[in-house]
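Here's the structure, in structure tokens; my notes come after.
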Amino acid sequence: MRVLVVWEPVLETDWGTPGAGLTAMVGDARAVHFFDRERRLSAAMGGPGAVPRLAGTSKVGFQMKDVIWDIALVYPPGARWGGPATTLVAPVVKYRDELNAALGAD
């Protein structure tokens with residue numbers, strides 16, 4: 001399993017590279033953290049309007065206005081960039097049980 005964590009500025013307080021306090025929230029050794037200041041990943045994914053088609057199963061508990069944020073996407077083994085995810089949840093903290101189930105965690 002690989003975990004790619006992409007931090008994008010969304011709130012007024014998000015305009016700097018995330019410090020150790022934030023990245024420690026996903027402190028798994030398999031996690032690699034990136035900071036996407038220009039929110040290019042969100043744009044490449046199609047923006048918030050694309051959220052419903054990004055995964056086979058989606059649970060989203062809030063409206064995203066300008067940028068895709070606070071989501072977790074689970075991809076099947078061997079997936080390639082641009083392929084569909086099996087599961088999408090947002091916000092992550094609200095749907096952590098579903099996220100753990102999609103990852104096969106107990």
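Chains: A, B, ... in order of the structure tokens. Residues: from 1 per chain. Ligands: from 1, in order shown.
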Near A:Thr17, counting only C-alpha atoms, which residues have an atom at most 9 Å away, once you skip same-chain residues fewer than 5 positions from it, shown as a VMD selection string?
chain A and resid 7 to 9 34 to 37
Go ahead and save the residues from that selection, with C-alpha atoms, as a PDB file, in the first residue's frame.
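Result saved to again_25.pdb:
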```
ATOM      1  CA  TRP A   7      -1.925  19.301   0.957  1.00  0.00           C
ATOM      2  CA  GLU A   8      -3.621  22.175  -0.855  1.00  0.00           C
ATOM      3  CA  PRO A   9      -4.417  25.654   0.466  1.00  0.00           C
ATOM      4  CA  PHE A  34       3.242  16.885  -1.066  1.00  0.00           C
ATOM      5  CA  PHE A  35       2.215  20.551  -0.982  1.00  0.00           C
ATOM      6  CA  ASP A  36       0.284  21.702  -4.049  1.00  0.00           C
ATOM      7  CA  ARG A  37       0.224  25.490  -3.629  1.00  0.00           C
TER       8      ARG A  37
END
```
Which of chain A DSSP labels alpha helix (DSSP H), written as a list in words
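Assigned to alpha helix (DSSP H), within chain A: Ala20, Gly21, Leu22, Thr23, Arg40, Leu41, Ser42, Ala43, Ala44, Met45, Arg96, Asp97, Glu98, Leu99, Asn100, Ala101, Ala102 and Leu103 of chain A.
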Would you compute the distance between atom CA of A:Pro48 and atom CA of A:Ala29? Give it in Å to one decimal.
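Distance between the two atoms: 29.4 Å.
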Find the residues around A:Thr57 up to 9 Å (only C-alpha atoms counted), leave out those fewer than 5 positions away in its own chain, and share them as a short mmCIF file (atom, residue, chain, number, x, y, z; two decimals) with N, CA and C atoms, in the first residue's frame.
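Saved as around-v7.cif:
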```cif
data_model
loop_
_atom_site.label_atom_id
_atom_site.label_comp_id
_atom_site.auth_asym_id
_atom_site.auth_seq_id
_atom_site.Cartn_x
_atom_site.Cartn_y
_atom_site.Cartn_z
N PRO A 52 -18.49 13.18 -7.92
CA PRO A 52 -19.38 12.01 -8.03
C PRO A 52 -18.88 10.92 -8.98
N ALA A 85 -11.21 5.21 -8.80
CA ALA A 85 -10.98 4.73 -7.45
C ALA A 85 -12.14 3.81 -7.08
N THR A 86 -11.92 2.96 -6.09
CA THR A 86 -13.01 2.11 -5.62
C THR A 86 -13.86 2.84 -4.60
N THR A 87 -13.21 3.72 -3.82
CA THR A 87 -13.90 4.41 -2.73
C THR A 87 -13.41 5.84 -2.62
N LEU A 88 -14.32 6.77 -2.34
CA LEU A 88 -14.00 8.15 -2.06
C LEU A 88 -14.79 8.56 -0.84
N VAL A 89 -14.12 9.15 0.15
CA VAL A 89 -14.81 9.67 1.32
C VAL A 89 -14.35 11.10 1.59
#
```
What lies within 10 Å of A:Val60 using only C-alpha atoms, ignoring chain neighbours under 5 positions off, as a PyMOL selection string?
chain A and resi 51-52+70-71+88-92+94-95
Shell around A:Gly19 at 12 Å using only C-alpha atoms, local window under 4 positions removed, as a count of residues only:
10
